[in-house]
>>> print(open('structure.cif').read())   # mmCIF, C-alpha atoms
data_target
#
loop_
_atom_site.label_atom_id
_atom_site.label_comp_id
_atom_site.auth_asym_id
_atom_site.auth_seq_id
_atom_site.Cartn_x
_atom_site.Cartn_y
_atom_site.Cartn_z
CA MET A 1 0.00 0.00 0.00
CA ARG A 2 2.86 2.31 0.93
CA LEU A 3 4.46 1.53 -2.43
CA LEU A 4 1.23 2.47 -4.21
CA HIS A 5 1.11 5.79 -2.38
CA ARG A 6 4.69 6.53 -3.36
CA PHE A 7 3.92 5.62 -6.96
CA ILE A 8 0.94 8.01 -7.09
CA LEU A 9 3.04 10.79 -5.55
CA ALA A 10 5.84 10.18 -8.05
CA LEU A 11 3.33 10.18 -10.92
CA THR A 12 1.78 13.50 -9.92
CA ILE A 13 5.22 15.12 -9.54
CA LEU A 14 6.38 13.65 -12.85
CA LEU A 15 3.32 14.88 -14.69
CA SER A 16 3.92 18.33 -13.24
CA SER A 17 7.09 18.48 -15.24
CA PHE A 18 5.35 18.22 -18.58
CA VAL A 19 1.99 19.47 -18.26
CA LEU A 20 -0.53 24.72 -18.25
CA GLY A 21 -3.97 27.41 -20.26
CA GLN A 22 -4.85 31.05 -20.59
CA GLU A 23 -6.76 31.87 -17.46
CA ALA A 24 -6.63 33.91 -14.27
CA PRO A 25 -3.47 33.25 -12.27
CA TYR A 26 -5.27 32.36 -9.03
CA PHE A 27 -4.65 29.17 -7.10
CA VAL A 28 -7.50 29.35 -4.59
CA THR A 29 -9.92 31.94 -5.95
CA TYR A 30 -12.21 30.97 -8.82
CA ASP A 31 -13.42 33.41 -11.46
CA HIS A 32 -16.50 32.89 -13.65
CA HIS A 33 -14.65 31.67 -16.70
CA LEU A 34 -15.26 27.99 -17.25
CA GLU A 35 -13.35 25.50 -19.32
CA GLU A 36 -14.30 25.64 -22.97
CA PRO A 37 -16.65 22.83 -24.06
CA ARG A 38 -14.95 19.55 -24.91
CA ASN A 39 -11.51 20.82 -23.86
CA LEU A 40 -9.54 18.90 -21.27
CA GLU A 41 -7.03 20.64 -19.06
CA ILE A 42 -4.44 18.55 -17.31
CA ALA A 43 -2.75 20.41 -14.51
CA THR A 44 -0.47 19.63 -11.68
CA SER A 45 0.26 21.96 -8.81
CA SER A 46 2.07 21.76 -5.55
CA THR A 47 1.60 23.52 -2.28
CA ILE A 48 4.80 23.81 -0.29
CA GLY A 49 4.41 24.63 3.36
CA VAL A 50 7.37 26.64 4.64
CA PRO A 51 7.58 25.72 8.28
CA GLY A 52 7.31 28.03 11.22
CA VAL A 53 8.70 27.38 14.68
CA ARG A 54 8.39 23.69 15.69
CA ARG A 55 6.71 22.84 12.38
CA LYS A 56 7.80 20.60 9.54
CA ALA A 57 8.01 21.53 5.89
CA TYR A 58 5.71 19.65 3.55
CA LEU A 59 5.08 19.24 -0.15
CA ALA A 60 1.51 18.59 -1.24
CA PRO A 61 1.24 17.90 -5.00
CA TYR A 62 -2.09 17.42 -6.73
CA MET A 63 -3.22 16.64 -10.22
CA GLU A 64 -6.35 18.08 -11.85
CA LEU A 65 -8.28 16.87 -14.85
CA GLU A 66 -10.67 19.64 -15.88
CA TYR A 67 -13.22 19.05 -18.61
CA GLY A 68 -15.61 21.47 -20.27
CA ALA A 69 -18.73 19.30 -20.31
CA LYS A 70 -20.89 22.16 -21.58
CA ALA A 71 -20.38 25.87 -22.09
CA TRP A 72 -22.16 26.33 -18.72
CA TRP A 73 -20.70 23.33 -16.86
CA THR A 74 -17.13 22.41 -16.01
CA THR A 75 -16.27 19.26 -14.14
CA GLU A 76 -12.95 18.49 -12.53
CA PHE A 77 -11.32 15.52 -10.87
CA TYR A 78 -8.40 15.79 -8.44
CA LEU A 79 -5.87 13.36 -7.01
CA GLU A 80 -3.77 14.61 -4.15
CA SER A 81 -0.93 13.51 -1.91
CA GLN A 82 1.42 14.88 0.67
CA SER A 83 4.95 14.42 1.92
CA THR A 84 6.08 15.82 5.25
CA ARG A 85 9.76 16.23 6.01
CA GLY A 86 10.92 13.77 8.63
CA ASP A 87 7.59 11.98 8.52
CA SER A 88 6.16 10.14 5.51
CA THR A 89 4.61 10.37 2.07
CA VAL A 90 0.92 9.60 1.85
CA PHE A 91 -1.90 9.61 -0.66
CA THR A 92 -4.50 11.97 0.77
CA GLY A 93 -7.53 11.40 -1.43
CA TRP A 94 -9.57 12.63 -4.37
CA ARG A 95 -12.10 15.32 -5.15
CA TRP A 96 -14.78 15.81 -7.76
CA GLU A 97 -15.68 19.41 -8.47
CA ASN A 98 -18.42 20.94 -10.60
CA ARG A 99 -18.99 24.53 -11.58
CA PHE A 100 -22.20 25.82 -13.12
CA ARG A 101 -22.58 29.15 -14.80
CA ALA A 102 -25.82 30.72 -13.54
CA LEU A 103 -26.39 33.31 -16.26
CA ALA A 104 -26.14 32.89 -20.00
CA ARG A 105 -24.73 36.35 -20.72
CA GLU A 106 -21.90 38.44 -19.32
CA HIS A 107 -22.96 40.87 -16.62
CA TRP A 108 -21.34 43.33 -14.29
CA ILE A 109 -21.19 40.53 -11.70
CA ASN A 110 -21.25 36.95 -12.94
CA PRO A 111 -22.32 34.24 -10.49
CA VAL A 112 -21.11 30.66 -10.73
CA LEU A 113 -22.28 27.86 -8.45
CA TYR A 114 -19.66 25.43 -7.26
CA ILE A 115 -20.18 22.05 -5.66
CA GLU A 116 -17.46 19.59 -4.74
CA TYR A 117 -17.35 16.18 -3.14
CA GLU A 118 -14.12 15.37 -1.29
CA ASN A 119 -12.98 11.94 -0.21
CA VAL A 120 -9.84 12.94 1.66
CA ASN A 121 -8.08 12.09 4.87
CA GLU A 122 -6.93 14.48 7.54
CA ALA A 123 -3.40 14.55 6.13
CA THR A 124 -4.56 16.67 3.18
CA ARG A 125 -2.41 19.79 2.79
CA ILE A 126 -3.08 21.09 -0.71
CA GLN A 127 -5.14 23.93 0.80
CA LYS A 128 -7.23 24.54 -2.29
CA GLU A 129 -9.48 26.29 0.15
CA VAL A 130 -9.04 27.50 3.69
CA VAL A 131 -12.12 27.12 5.87
CA GLY A 132 -13.10 26.95 9.51
CA LYS A 133 -10.55 27.26 12.23
CA THR A 134 -6.81 26.64 12.25
CA PRO A 135 -6.17 22.86 12.27
CA ASP A 136 -3.32 21.16 14.12
CA PHE A 137 -0.55 20.23 11.69
CA GLY A 138 1.64 18.70 14.38
CA VAL A 139 0.04 15.24 14.24
CA PRO A 140 2.01 12.49 12.38
CA ASN A 141 0.74 11.40 8.96
CA ALA A 142 0.26 7.80 10.12
CA GLU A 143 -2.41 9.00 12.50
CA LEU A 144 -3.98 11.52 10.14
CA VAL A 145 -4.52 9.09 7.24
CA ARG A 146 -6.70 6.90 9.45
CA GLU A 147 -9.23 9.69 9.67
CA ARG A 148 -10.95 9.69 6.31
CA SER A 149 -13.71 12.14 5.69
CA HIS A 150 -16.39 12.67 3.09
CA GLU A 151 -16.90 16.36 2.65
CA LEU A 152 -19.24 18.48 0.63
CA GLU A 153 -18.03 21.91 -0.32
CA THR A 154 -20.09 24.61 -1.96
CA LYS A 155 -19.02 28.02 -3.20
CA LEU A 156 -20.74 31.05 -4.53
CA ILE A 157 -18.36 32.51 -7.07
CA LEU A 158 -18.88 36.12 -8.05
CA SER A 159 -16.63 37.56 -10.69
CA SER A 160 -16.37 40.74 -12.74
CA ASN A 161 -14.23 41.93 -15.62
CA THR A 162 -13.54 45.62 -15.77
CA HIS A 163 -10.84 47.51 -17.68
CA ALA A 164 -8.84 44.32 -18.24
CA TRP A 165 -8.98 43.52 -14.53
CA ASN A 166 -10.67 40.49 -13.14
CA LEU A 167 -12.14 40.79 -9.66
CA SER A 168 -13.39 37.60 -8.05
CA GLU A 169 -14.97 36.83 -4.71
CA ASN A 170 -15.73 33.34 -3.40
CA PHE A 171 -17.88 32.49 -0.39
CA ILE A 172 -17.26 28.96 0.85
CA VAL A 173 -19.37 26.60 2.95
CA GLU A 174 -18.01 23.15 3.78
CA LYS A 175 -19.68 20.24 5.56
CA ASN A 176 -17.99 17.09 6.79
CA LEU A 177 -20.53 14.36 6.06
CA SER A 178 -18.58 11.76 8.07
CA ALA A 179 -18.88 13.49 11.40
CA SER A 180 -21.58 15.25 13.29
CA GLU A 181 -19.92 18.57 12.81
CA GLY A 182 -21.50 21.80 11.77
CA PHE A 183 -20.66 23.85 8.72
CA GLU A 184 -17.36 25.60 8.15
CA PHE A 185 -16.98 28.87 6.31
CA GLY A 186 -14.27 30.53 4.31
CA TYR A 187 -13.61 33.12 1.66
CA ALA A 188 -11.23 33.88 -1.18
CA VAL A 189 -10.87 37.10 -3.13
CA GLY A 190 -8.59 37.92 -6.01
CA ALA A 191 -7.75 40.65 -8.49
CA SER A 192 -5.61 40.10 -11.59
CA ARG A 193 -4.74 41.65 -14.92
CA PRO A 194 -2.69 40.68 -17.99
CA LEU A 195 0.48 42.76 -18.32
CA SER A 196 -0.54 43.76 -21.84
CA THR A 197 -4.04 43.79 -23.30
CA MET A 198 -3.00 43.81 -26.95
CA ALA A 199 -1.92 40.60 -28.68
CA SER A 200 1.14 40.96 -30.85
CA ALA A 201 1.15 39.51 -34.34
CA GLN A 202 4.12 37.25 -33.70
CA ASN A 203 4.19 34.11 -31.67
CA CYS A 204 6.35 34.96 -28.69
CA ARG A 205 7.08 33.32 -25.41
CA PHE A 206 8.20 36.29 -23.34
CA CYS A 207 5.80 39.03 -24.57
CA ARG A 208 4.01 40.93 -21.84
CA GLU A 209 0.65 39.67 -23.12
CA ASN A 210 1.63 36.17 -22.00
CA PHE A 211 1.93 37.23 -18.37
CA ALA A 212 -0.79 38.00 -15.87
CA ALA A 213 -0.33 39.15 -12.31
CA GLY A 214 -2.52 39.89 -9.35
CA LEU A 215 -3.18 39.46 -5.69
CA GLU A 216 -5.06 36.81 -3.79
CA LEU A 217 -6.42 36.80 -0.22
CA TYR A 218 -8.09 33.80 1.39
CA GLY A 219 -8.89 32.42 4.79
CA GLY A 220 -11.32 30.79 7.19
CA LEU A 221 -14.35 32.36 8.80
CA GLY A 222 -14.99 29.82 11.55
CA GLY A 223 -18.01 27.55 11.61
CA THR A 224 -21.51 27.18 12.96
CA ASP A 225 -19.99 26.74 16.42
CA GLY A 226 -18.40 30.14 16.17
CA PHE A 227 -18.51 32.34 13.11
CA GLY A 228 -15.82 34.98 12.81
CA LEU A 229 -12.10 35.55 12.60
CA HIS A 230 -11.10 34.12 15.99
CA ASN A 231 -8.53 31.31 15.68
CA THR A 232 -8.66 31.34 11.88
CA THR A 233 -5.95 31.43 9.23
CA HIS A 234 -5.55 33.96 6.42
CA TYR A 235 -3.09 34.25 3.58
CA LEU A 236 -2.25 37.09 1.22
CA GLY A 237 0.06 36.85 -1.74
CA PRO A 238 0.85 37.87 -5.29
CA VAL A 239 -0.09 35.51 -8.13
CA ILE A 240 1.70 35.32 -11.44
CA SER A 241 0.97 33.26 -14.53
CA TRP A 242 2.90 32.79 -17.73
CA GLN A 243 1.34 31.44 -20.90
CA VAL A 244 4.27 29.40 -22.08
CA SER A 245 2.64 28.29 -25.34
CA ASP A 246 -0.83 28.13 -26.89
CA ASN A 247 -1.62 25.17 -24.70
CA ALA A 248 0.60 25.44 -21.67
CA ALA A 249 0.89 27.83 -18.74
CA LEU A 250 2.79 28.16 -15.49
CA HIS A 251 1.53 29.67 -12.25
CA PHE A 252 3.36 30.78 -9.15
CA SER A 253 2.31 32.32 -5.87
CA PRO A 254 4.03 32.89 -2.57
CA ALA A 255 1.26 33.36 0.00
CA PHE A 256 2.11 34.95 3.31
CA GLY A 257 0.31 34.02 6.49
CA LEU A 258 -1.41 36.97 8.13
CA THR A 259 -2.11 35.04 11.29
CA ARG A 260 -0.03 32.96 13.66
CA GLY A 261 -0.35 29.23 14.13
CA ARG A 262 0.10 27.86 10.65
CA ASN A 263 2.77 27.97 7.92
CA PRO A 264 4.10 31.51 7.66
CA VAL A 265 4.52 31.07 3.90
CA LEU A 266 2.87 28.80 1.33
CA LEU A 267 4.63 28.48 -1.99
CA ARG A 268 2.37 27.38 -4.80
CA LEU A 269 3.51 26.20 -8.21
CA GLY A 270 1.33 25.02 -11.04
CA TYR A 271 1.64 23.82 -14.59
CA SER A 272 -1.27 23.10 -16.90
CA TYR A 273 -1.72 21.78 -20.39
CA GLU A 274 -4.87 22.11 -22.42
CA VAL A 275 -5.97 19.42 -24.83
CA ARG A 276 -8.29 21.27 -27.21
CA GLY A 277 -11.24 19.37 -28.59
CA PHE A 278 -10.58 16.37 -26.37
CA GLY A 279 -14.26 15.41 -26.28
CA ARG A 280 -14.53 15.62 -30.07
CA LYS A 281 -11.41 13.50 -30.52
CA MET A 282 -12.71 10.89 -28.11
CA ALA A 283 -16.09 10.83 -29.83
CA ARG A 284 -14.39 10.30 -33.20
CA LEU A 285 -12.22 7.59 -31.75
CA PHE A 286 -15.22 5.66 -30.49
CA GLY A 287 -17.38 6.40 -33.49
CA GLY A 288 -19.93 8.50 -31.63
CA LYS A 289 -21.45 11.89 -32.41
CA PRO A 290 -18.80 14.55 -31.76
CA MET B 291 -15.77 2.48 -1.34
CA ARG B 292 -19.24 1.81 -2.67
CA LEU B 293 -19.93 5.54 -2.62
CA SER B 294 -16.72 6.20 -4.54
CA VAL B 295 -17.65 3.71 -7.26
CA LEU B 296 -21.12 5.20 -7.53
CA LEU B 297 -19.65 8.66 -7.87
CA LEU B 298 -17.27 7.57 -10.60
CA PHE B 299 -20.18 6.03 -12.50
CA ALA B 300 -22.06 9.28 -12.07
CA VAL B 301 -19.13 11.20 -13.59
CA ALA B 302 -18.92 8.85 -16.54
CA ALA B 303 -22.66 9.00 -17.14
CA ALA B 304 -22.75 12.77 -16.84
CA LEU B 305 -19.94 13.19 -19.34
CA ALA B 306 -21.55 10.73 -21.74
CA VAL B 307 -24.65 12.90 -22.01
CA ALA B 308 -22.73 16.14 -21.97
CA GLN B 309 -22.14 16.50 -25.69
CA ASP B 310 -23.14 19.96 -26.74
CA SER B 311 -25.54 20.30 -29.58
CA GLN B 312 -24.35 23.39 -31.39
CA SER B 313 -26.43 24.95 -34.06
CA LYS B 314 -25.13 26.61 -37.20
CA THR B 315 -27.71 29.34 -36.96
CA ASP B 316 -29.58 30.47 -33.93
CA PRO B 317 -32.11 33.17 -34.72
CA LYS B 318 -32.15 34.11 -31.05
CA PHE B 319 -28.43 34.82 -31.00
CA VAL B 320 -28.70 38.50 -31.80
CA ALA B 321 -26.73 41.37 -30.32
CA PRO B 322 -28.74 44.14 -28.67
CA PRO B 323 -28.88 47.30 -30.82
CA ASP B 324 -26.66 49.37 -28.50
CA ALA B 325 -23.97 46.67 -28.52
CA ALA B 326 -24.25 46.24 -32.29
CA ALA B 327 -23.74 49.98 -32.78
CA LYS B 328 -20.33 49.99 -31.09
CA GLU B 329 -17.44 50.79 -33.37
CA ASN B 330 -14.23 48.79 -33.53
CA PRO B 331 -11.46 51.00 -32.10
CA LEU B 332 -8.94 48.89 -34.03
CA ALA B 333 -10.70 49.01 -37.40
CA GLY B 334 -8.18 49.27 -40.24
CA ASN B 335 -5.24 48.37 -37.99
CA ALA B 336 -3.50 45.56 -39.87
CA GLU B 337 -1.23 44.68 -36.98
CA ALA B 338 -4.21 44.32 -34.65
CA ALA B 339 -5.85 41.97 -37.15
CA ALA B 340 -2.65 39.92 -37.34
CA GLY B 341 -2.68 39.61 -33.55
CA GLY B 342 -6.35 38.71 -33.85
CA LYS B 343 -5.43 35.84 -36.12
CA LYS B 344 -3.15 34.43 -33.47
CA LEU B 345 -5.96 34.72 -30.89
CA PHE B 346 -8.46 33.19 -33.29
CA LEU B 347 -6.25 30.19 -33.91
CA ARG B 348 -5.78 29.76 -30.17
CA SER B 349 -9.37 30.28 -29.02
CA CYS B 350 -11.78 29.83 -31.92
CA ALA B 351 -10.26 27.55 -34.56
CA GLU B 352 -11.03 24.39 -32.65
CA CYS B 353 -14.73 24.83 -33.54
CA HIS B 354 -14.74 27.34 -36.41
CA GLY B 355 -11.72 25.95 -38.24
CA GLU B 356 -8.49 27.74 -39.13
CA ASN B 357 -10.20 29.58 -42.02
CA GLY B 358 -13.37 30.20 -40.06
CA THR B 359 -15.42 27.90 -42.27
CA GLY B 360 -16.83 26.04 -39.28
CA ILE B 361 -16.30 22.48 -38.14
CA GLU B 362 -19.31 20.23 -37.71
CA ASP B 363 -22.07 22.40 -36.24
CA ALA B 364 -20.11 25.58 -35.55
CA ALA B 365 -21.02 28.56 -37.71
CA ASN B 366 -19.16 29.35 -40.92
CA LEU B 367 -17.78 32.82 -40.25
CA GLN B 368 -17.10 33.56 -43.91
CA THR B 369 -20.75 33.53 -44.93
CA PRO B 370 -22.42 36.81 -45.89
CA GLU B 371 -24.84 36.15 -43.05
CA VAL B 372 -22.00 36.59 -40.56
CA GLN B 373 -19.94 39.09 -42.51
CA LYS B 374 -22.84 41.53 -42.91
CA GLN B 375 -23.08 41.88 -39.14
CA SER B 376 -21.55 44.99 -37.61
CA ASP B 377 -18.24 44.89 -35.74
CA GLY B 378 -20.15 45.68 -32.55
CA ALA B 379 -22.46 42.70 -33.06
CA LEU B 380 -19.54 40.33 -33.63
CA PHE B 381 -17.75 41.75 -30.59
CA TRP B 382 -20.86 41.15 -28.48
CA LYS B 383 -21.08 37.57 -29.71
CA VAL B 384 -17.41 36.86 -28.98
CA THR B 385 -17.83 38.39 -25.51
CA ASN B 386 -21.05 36.65 -24.48
CA GLY B 387 -20.97 33.46 -26.49
CA ASN B 388 -24.14 31.45 -26.96
CA VAL B 389 -23.88 29.33 -23.85
CA LYS B 390 -27.08 27.33 -24.36
CA LYS B 391 -25.96 26.35 -27.86
CA GLY B 392 -22.43 25.44 -26.87
CA MET B 393 -20.43 28.56 -27.71
CA PRO B 394 -18.51 29.73 -24.67
CA PRO B 395 -18.12 33.41 -23.81
CA PHE B 396 -14.62 34.83 -24.37
CA ALA B 397 -14.85 37.65 -21.84
CA ARG B 398 -11.73 36.20 -20.22
CA LEU B 399 -9.81 37.87 -23.05
CA PRO B 400 -9.17 41.58 -22.53
CA GLU B 401 -11.52 43.85 -24.49
CA THR B 402 -8.75 44.91 -26.88
CA GLN B 403 -8.04 41.31 -27.79
CA ARG B 404 -11.72 40.63 -28.51
CA TRP B 405 -11.72 43.61 -30.90
CA GLN B 406 -8.60 42.12 -32.48
CA ILE B 407 -10.49 38.92 -33.13
CA VAL B 408 -13.29 40.94 -34.79
CA SER B 409 -10.67 42.68 -36.96
CA PHE B 410 -9.36 39.30 -38.02
CA LEU B 411 -12.87 38.04 -38.82
CA ARG B 412 -13.23 40.96 -41.21
CA ALA B 413 -10.08 39.84 -42.98
CA LEU B 414 -11.43 36.35 -43.66
CA LYS B 415 -11.66 35.78 -47.38
CA PRO B 416 -14.72 33.79 -48.43
CA THR B 417 -13.92 30.41 -49.88
CA LYS B 418 -16.17 28.31 -52.12
CA GLU B 419 -17.54 26.38 -49.20
CA ALA B 420 -18.58 29.65 -47.54
CA LEU B 421 -20.93 30.52 -50.34
CA PRO B 422 -23.94 28.23 -50.47
CA SER B 423 -25.88 27.73 -53.68
CA GLY B 424 -23.54 29.43 -56.06
CA GLY B 425 -22.62 32.31 -53.88
CA ASN B 426 -26.06 33.66 -53.04
CA PRO B 427 -26.52 34.85 -49.47
CA PRO B 428 -28.54 32.45 -47.31
CA SER B 429 -32.17 33.16 -46.75
CA SER B 430 -32.16 32.86 -42.98
CA PRO B 431 -33.58 35.59 -40.76
CA LYS B 432 -31.84 38.92 -41.03
CA ARG B 433 -29.43 39.58 -38.19
CA ARG B 434 -27.23 42.48 -37.42
#
>>> encode(input="structure.cif", output="structure tokens")
Amino acid sequence: MRLLHRFILALTILLSSFVLGQEAPYFVTYDHHLEEPRNLEIATSSTIGVPGVRRKAYLAPYMELEYGAKAWWTTEFYLESQSTRGDSTVFTGWRWENRFRALAREHWINPVLYIEYENVNEATRIQKEVVGKTPDFGVPNAELVRERSHELETKLILSSNTHAWNLSENFIVEKNLSASEGFEFGYAVGASRPLSTMASAQNCRFCRENFAAGLELYGGLGGTDGFGLHNTTHYLGPVISWQVSDNAALHFSPAFGLTRGRNPVLLRLGYSYEVRGFGRKMARLFGGKP
Amino acid sequence: MRLSVLLLFAVAAALAVAQDSQSKTDPKFVAPPDAAAKENPLAGNAEAAAGGKKLFLRSCAECHGENGTGIEDAANLQTPEVQKQSDGALFWKVTNGNVKKGMPPFARLPETQRWQIVSFLRALKPTKEALPSGGNPPSSPKRR
């Protein structure tokens, strides 16, 4: 079993070295732009926890398969793992995420409904969202993996485009279905902009138009047993993305902890590759209607 | 475990029925008059159109083809029916898409880049396949 976990971890790290798309540079915040229909995006990202006092560094890689099922529906599957320095490497679970565009046309504010099922254990560290109160990261992995939880996460995504800027706000509600716990709340907000709004005629790798930069802020808001900022964690950091080619992009973000008790810095790296027309190609391959 | 298997089946089933049915013409896909009246700030800018080509190949060609003639059910952008529409109308369509019919909105692109795409669309030269029935314009409902 341990070998299998190591294999999955190695696979996700390996894929991260050859797999990125033109989109907002956020890691945690979602905007209202969905995957284009029948496109498949393969992405791998890693969250690196820079340790504070009496904490251990960790690397939490995850792989995403994002598919544009319809122009108004994007579905995404995640595999995630985690390796803590001086402890162990463990597979931490999988997630299935769905995003639904609520309105057919572009508006000043565009709502998207998000629903995700998570089958993860307590060793999960990818921190795709920060909700509730600050958890204890001092417990060994061997103990944490025994606690598996089925969680349902919903988000209200609000997003606007104005003067080449994207402004996005996410309101998160998470429920652990495996335990008689209440709801946990969180938020994420982001603002980003491409460095140039005009596309040059030439294909270029390092043109300003291929880069986007912004700022992201996210954190927990407690739960039904105590809503608010007390004993919660918040991160703020710049986000940068680089469209390496027509299909591939790289993302980077150092997020700085605004509160004590958790990693003072989270380094996030991501690489994604878009397979255009994946659904059409598959349909052709199997002789179905594209 | 049983729940996991059920969920995976649900994913597979959902994706199986998720094929979009695009339509070549949608009479309801019409830009509002104020949007259609907008003028292209990049009109006549050859360099902008060349940049638009690059964007078109990256974002649109998968469905509309490299020459804009349309693949499968996506609209042929060379037809007089499309070309007679104003720059503002095309810009509105690129921005909003036709979500119910499978065309995604491209508002993720900065406004300037969407105008560049419109400039490129204007530069598309009609090919034989773009002109149905000997080159006569189609008789579908008039759209701006």
>>> resolve_selection(input="structure.cif", expression="the PyMOL selection byres ((chain A) within 6 of (chain B))", output="tab-separated table (two decimals) with C-alpha atoms, keeping the file's coordinate frame")
chain	number	residue	atom	x	y	z
A	69	ALA	CA	-18.73	19.30	-20.31
A	71	ALA	CA	-20.38	25.87	-22.09
A	104	ALA	CA	-26.14	32.89	-20.00
A	105	ARG	CA	-24.73	36.35	-20.72
A	106	GLU	CA	-21.90	38.44	-19.32
A	164	ALA	CA	-8.84	44.32	-18.24
A	197	THR	CA	-4.04	43.79	-23.30
A	198	MET	CA	-3.00	43.81	-26.95
A	199	ALA	CA	-1.92	40.60	-28.68
A	200	SER	CA	1.14	40.96	-30.85
A	201	ALA	CA	1.15	39.51	-34.34
>>> resolve_selection(input="structure.cif", expression="the PyMOL selection byres ((chain A and resi 215) around 6)", output="ChimeraX atom specification")
/A:190-191,214,216,237-239
>>> closest_residue(input="structure.cif", among="B:Asn366, B:Ala333, B:Asp324, B:His354", to="B:Arg412", atoms="only C-alpha atoms")
B:Ala333
>>> residues_around(input="structure.cif", residues="B:Ala321", least_positions_apart="5", cutoff="10 Å", atoms="all atoms listed in the file", output="ChimeraX atom specification")
/B:326-327,375-376,378-383,386,433-434
>>> residues_around(input="structure.cif", residues="A:Gly138", least_positions_apart="5", cutoff="12 Å", atoms="all atoms listed in the file", output="VMD selection string")
chain A and resid 51 to 58 84 to 87 122 to 123 143 to 144 261 to 263
>>> resolve_selection(input="structure.cif", expression="the PyMOL selection byres ((chain A and resi 241-250) around 10)", output="PDB file with C-alpha atoms, keeping the file's coordinate frame")
ATOM      1  CA  PHE A  18       5.350  18.220 -18.580  1.00  0.00           C
ATOM      2  CA  VAL A  19       1.990  19.470 -18.260  1.00  0.00           C
ATOM      3  CA  LEU A  20      -0.530  24.720 -18.250  1.00  0.00           C
ATOM      4  CA  GLY A  21      -3.970  27.410 -20.260  1.00  0.00           C
ATOM      5  CA  GLN A  22      -4.850  31.050 -20.590  1.00  0.00           C
ATOM      6  CA  GLU A  23      -6.760  31.870 -17.460  1.00  0.00           C
ATOM      7  CA  ALA A  24      -6.630  33.910 -14.270  1.00  0.00           C
ATOM      8  CA  PRO A  25      -3.470  33.250 -12.270  1.00  0.00           C
ATOM      9  CA  TYR A  26      -5.270  32.360  -9.030  1.00  0.00           C
ATOM     10  CA  GLU A  41      -7.030  20.640 -19.060  1.00  0.00           C
ATOM     11  CA  ILE A  42      -4.440  18.550 -17.310  1.00  0.00           C
ATOM     12  CA  ALA A  43      -2.750  20.410 -14.510  1.00  0.00           C
ATOM     13  CA  THR A  44      -0.470  19.630 -11.680  1.00  0.00           C
ATOM     14  CA  SER A  45       0.260  21.960  -8.810  1.00  0.00           C
ATOM     15  CA  SER A 192      -5.610  40.100 -11.590  1.00  0.00           C
ATOM     16  CA  PRO A 194      -2.690  40.680 -17.990  1.00  0.00           C
ATOM     17  CA  ASN A 203       4.190  34.110 -31.670  1.00  0.00           C
ATOM     18  CA  CYS A 204       6.350  34.960 -28.690  1.00  0.00           C
ATOM     19  CA  ARG A 205       7.080  33.320 -25.410  1.00  0.00           C
ATOM     20  CA  PHE A 206       8.200  36.290 -23.340  1.00  0.00           C
ATOM     21  CA  CYS A 207       5.800  39.030 -24.570  1.00  0.00           C
ATOM     22  CA  ARG A 208       4.010  40.930 -21.840  1.00  0.00           C
ATOM     23  CA  GLU A 209       0.650  39.670 -23.120  1.00  0.00           C
ATOM     24  CA  ASN A 210       1.630  36.170 -22.000  1.00  0.00           C
ATOM     25  CA  PHE A 211       1.930  37.230 -18.370  1.00  0.00           C
ATOM     26  CA  ALA A 212      -0.790  38.000 -15.870  1.00  0.00           C
ATOM     27  CA  ALA A 213      -0.330  39.150 -12.310  1.00  0.00           C
ATOM     28  CA  GLY A 214      -2.520  39.890  -9.350  1.00  0.00           C
ATOM     29  CA  VAL A 239      -0.090  35.510  -8.130  1.00  0.00           C
ATOM     30  CA  ILE A 240       1.700  35.320 -11.440  1.00  0.00           C
ATOM     31  CA  HIS A 251       1.530  29.670 -12.250  1.00  0.00           C
ATOM     32  CA  PHE A 252       3.360  30.780  -9.150  1.00  0.00           C
ATOM     33  CA  SER A 253       2.310  32.320  -5.870  1.00  0.00           C
ATOM     34  CA  LEU A 269       3.510  26.200  -8.210  1.00  0.00           C
ATOM     35  CA  GLY A 270       1.330  25.020 -11.040  1.00  0.00           C
ATOM     36  CA  TYR A 271       1.640  23.820 -14.590  1.00  0.00           C
ATOM     37  CA  SER A 272      -1.270  23.100 -16.900  1.00  0.00           C
ATOM     38  CA  TYR A 273      -1.720  21.780 -20.390  1.00  0.00           C
ATOM     39  CA  GLU A 274      -4.870  22.110 -22.420  1.00  0.00           C
ATOM     40  CA  VAL A 275      -5.970  19.420 -24.830  1.00  0.00           C
ATOM     41  CA  ARG A 276      -8.290  21.270 -27.210  1.00  0.00           C
TER      42      ARG A 276
ATOM     43  CA  LYS B 344      -3.150  34.430 -33.470  1.00  0.00           C
ATOM     44  CA  LEU B 345      -5.960  34.720 -30.890  1.00  0.00           C
ATOM     45  CA  LEU B 347      -6.250  30.190 -33.910  1.00  0.00           C
ATOM     46  CA  ARG B 348      -5.780  29.760 -30.170  1.00  0.00           C
ATOM     47  CA  SER B 349      -9.370  30.280 -29.020  1.00  0.00           C
TER      48      SER B 349
END
>>> atom_distance(input="structure.cif", atom1="atom CA of A:Trp165", atom2="atom CA of A:Arg99")
21.7 Å
>>> residues_around(input="structure.cif", residues="stretch 168-172 of chain A", least_positions_apart="4", cutoff="6 Å", atoms="all atoms listed in the file", output="number ranges by chain")
A: 31, 154-159, 185-190
>>> residues_near_point(input="structure.cif", point="(-10.2, 19.5, 0.8)", cutoff="8 Å", atoms="all atoms listed in the file", output="number ranges by chain")
A: 95, 118, 120, 124, 126-129, 151
>>> atom_distance(input="structure.cif", atom1="atom CA of A:Val145", atom2="atom CA of A:Gly132")
19.9 Å
>>> residues_around(input="structure.cif", residues="B:Leu367", least_positions_apart="4", cutoff="12 Å", atoms="all atoms listed in the file", output="MDAnalysis selection string")
chainID B and resid 314:315 346 350:351 353:361 363 371:375 380 384 407:408 410:417 419:421
